[in-house]
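See structure below.
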Amino acid sequence: MVHSRHWSARVDDLAERAGRWAEARWPVMLAAAWGGVLLLAAAAPLARAAGLHSLSAGLYALFHLICHQEPARSLWIAGHPMALCARDVGLYGGLWLGLLITLWRRVVIPGWIALLCVLPMALDGGTQLLGLRESTNALRLITGALAGVVAGMYLGAKIGYLRVSITPSRSGGARTSG
């Protein structure tokens, strides 16, 4: 019986240390994971060019869940379209950059500014959807990146606020400040 309590205490201690480690590093882990997603989107055409067709097909199928993947609206690598369209590369890349910015600087973006920065992307995509004009990949990339960077900084600031505001108490429950 004493032996099982000893192991239980060690497992509890290990879990607590792992939790503290992850809590201190989660923003970096989130940014790394998001960067990994972007690398996988670029890996699909590289895998196709290298003849790794099963890997390439799997990556394209995975990203097709979140993107239309129209070749004319995509950036190309090694003679093949990326697994994300130009707007999504800008949006997700900008979101990644915005999250990275919040790792190094405390940035507070008012909600109205965040919405204002999404407006160019909405106008670009909306006018194209309505058939009023055809956008370019450069414009898709730029407007997506603007929206993404600001959204990343906005979300990063909100997540950082939650991280500071809600701290675990010694009794195991959550304690809120303010």
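The way I read the labels, and the way they are meant: chains A, B, ... in the order of the structure tokens, residue 1 as the first residue of every chain, and ligand 1 as the first ligand shown, with later ones counted on from there.
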
As an MDAnalysis selection string, please: all residues of region 16-178 of chain A that backbone DSSP puts in alpha helix (DSSP H).
chainID A and resid 16:49 53:64 86:104 111:129 137:165

With the cut-off set at 10 Å and counting only C-alpha atoms, tabulate each residue of region 80-160 of chain A with an atom at most that distance from an atom of region 46-50 of chain A, showing the nearest atom pair and its distance in Å to one decimal, ordered by chain and increasing number, as a tab-separated table.
```
residue	atom	partner	partner_atom	distance
A:His80	CA	A:Ala49	CA	7.3
A:Pro81	CA	A:Leu46	CA	9.5
A:Met82	CA	A:Leu46	CA	8.7
```

For the selection just defined, write its residues with C-alpha atoms to a file, as a PDB file, in the first residue's frame.
```
ATOM      1  CA  HIS A  80       2.674  22.888 -58.251  1.00  0.00           C
ATOM      2  CA  PRO A  81       0.052  24.911 -56.321  1.00  0.00           C
ATOM      3  CA  MET A  82       0.336  25.172 -52.560  1.00  0.00           C
TER       4      MET A  82
END
```

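Relative to CA of Ala43 (chain A), CA of Leu55 (chain A) is found at 9.1 Å.
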
Name all residues at most 9 Å from region 113-125 of chain A (count only C-alpha atoms; drop same-chain ones fewer than 3 positions away) and give them as an NGL selection string.
:A and (87 or 109-110 or 128-130 or 133-135 or 139-140 or 142-148 or 150-151 or 153-154)

I'd like to know which residues of region 27-84 of chain A are strand (DSSP E) (by DSSP, run on the backbone); could you write them as an mmCIF file with N, CA and C atoms, in the first residue's frame?
```
data_model
loop_
_atom_site.group_PDB
_atom_site.id
_atom_site.type_symbol
_atom_site.label_atom_id
_atom_site.label_comp_id
_atom_site.auth_asym_id
_atom_site.auth_seq_id
_atom_site.Cartn_x
_atom_site.Cartn_y
_atom_site.Cartn_z
ATOM 1 N N SER A 74 -3.909 30.252 -56.296
ATOM 2 C CA SER A 74 -2.900 29.717 -55.386
ATOM 3 C C SER A 74 -1.509 30.189 -55.770
ATOM 4 N N LEU A 75 -0.640 30.176 -54.784
ATOM 5 C CA LEU A 75 0.779 30.401 -55.016
ATOM 6 C C LEU A 75 1.381 29.054 -55.402
ATOM 7 N N TRP A 76 2.416 29.085 -56.227
ATOM 8 C CA TRP A 76 2.991 27.844 -56.738
ATOM 9 C C TRP A 76 4.413 27.662 -56.222
ATOM 10 N N ILE A 77 4.746 26.426 -55.900
ATOM 11 C CA ILE A 77 6.085 26.054 -55.469
ATOM 12 C C ILE A 77 6.503 24.830 -56.282
ATOM 13 N N HIS A 80 3.959 23.408 -58.740
ATOM 14 C CA HIS A 80 2.674 22.888 -58.251
ATOM 15 C C HIS A 80 2.059 23.896 -57.278
ATOM 16 N N PRO A 81 0.704 23.961 -57.239
ATOM 17 C CA PRO A 81 0.052 24.911 -56.321
ATOM 18 C C PRO A 81 0.205 24.472 -54.869
ATOM 19 N N MET A 82 0.313 25.467 -53.991
ATOM 20 C CA MET A 82 0.336 25.172 -52.560
ATOM 21 C C MET A 82 -1.006 24.562 -52.153
ATOM 22 N N ALA A 83 -1.028 23.952 -50.996
ATOM 23 C CA ALA A 83 -2.256 23.322 -50.507
ATOM 24 C C ALA A 83 -3.245 24.342 -49.958
ATOM 25 N N LEU A 84 -2.829 25.597 -49.840
ATOM 26 C CA LEU A 84 -3.714 26.691 -49.440
ATOM 27 C C LEU A 84 -3.696 27.749 -50.533
#
```

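For Arg73 (chain A), the list of residues within 8 Å, based on only C-alpha atoms and with local chain neighbours fewer than 4 positions off taken out, reads A:Gln69, A:Cys85, A:Ala86, A:Thr136, A:Asn137.
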
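Using only C-alpha atoms, the residues found no farther than 12 Å from Trp104 (chain A), other than those of its own chain fewer than 5 positions away, are Pro27, Val28, Leu97, Gly98, Leu99, Met153, Gly156, Ala157 and Gly160 of chain A.
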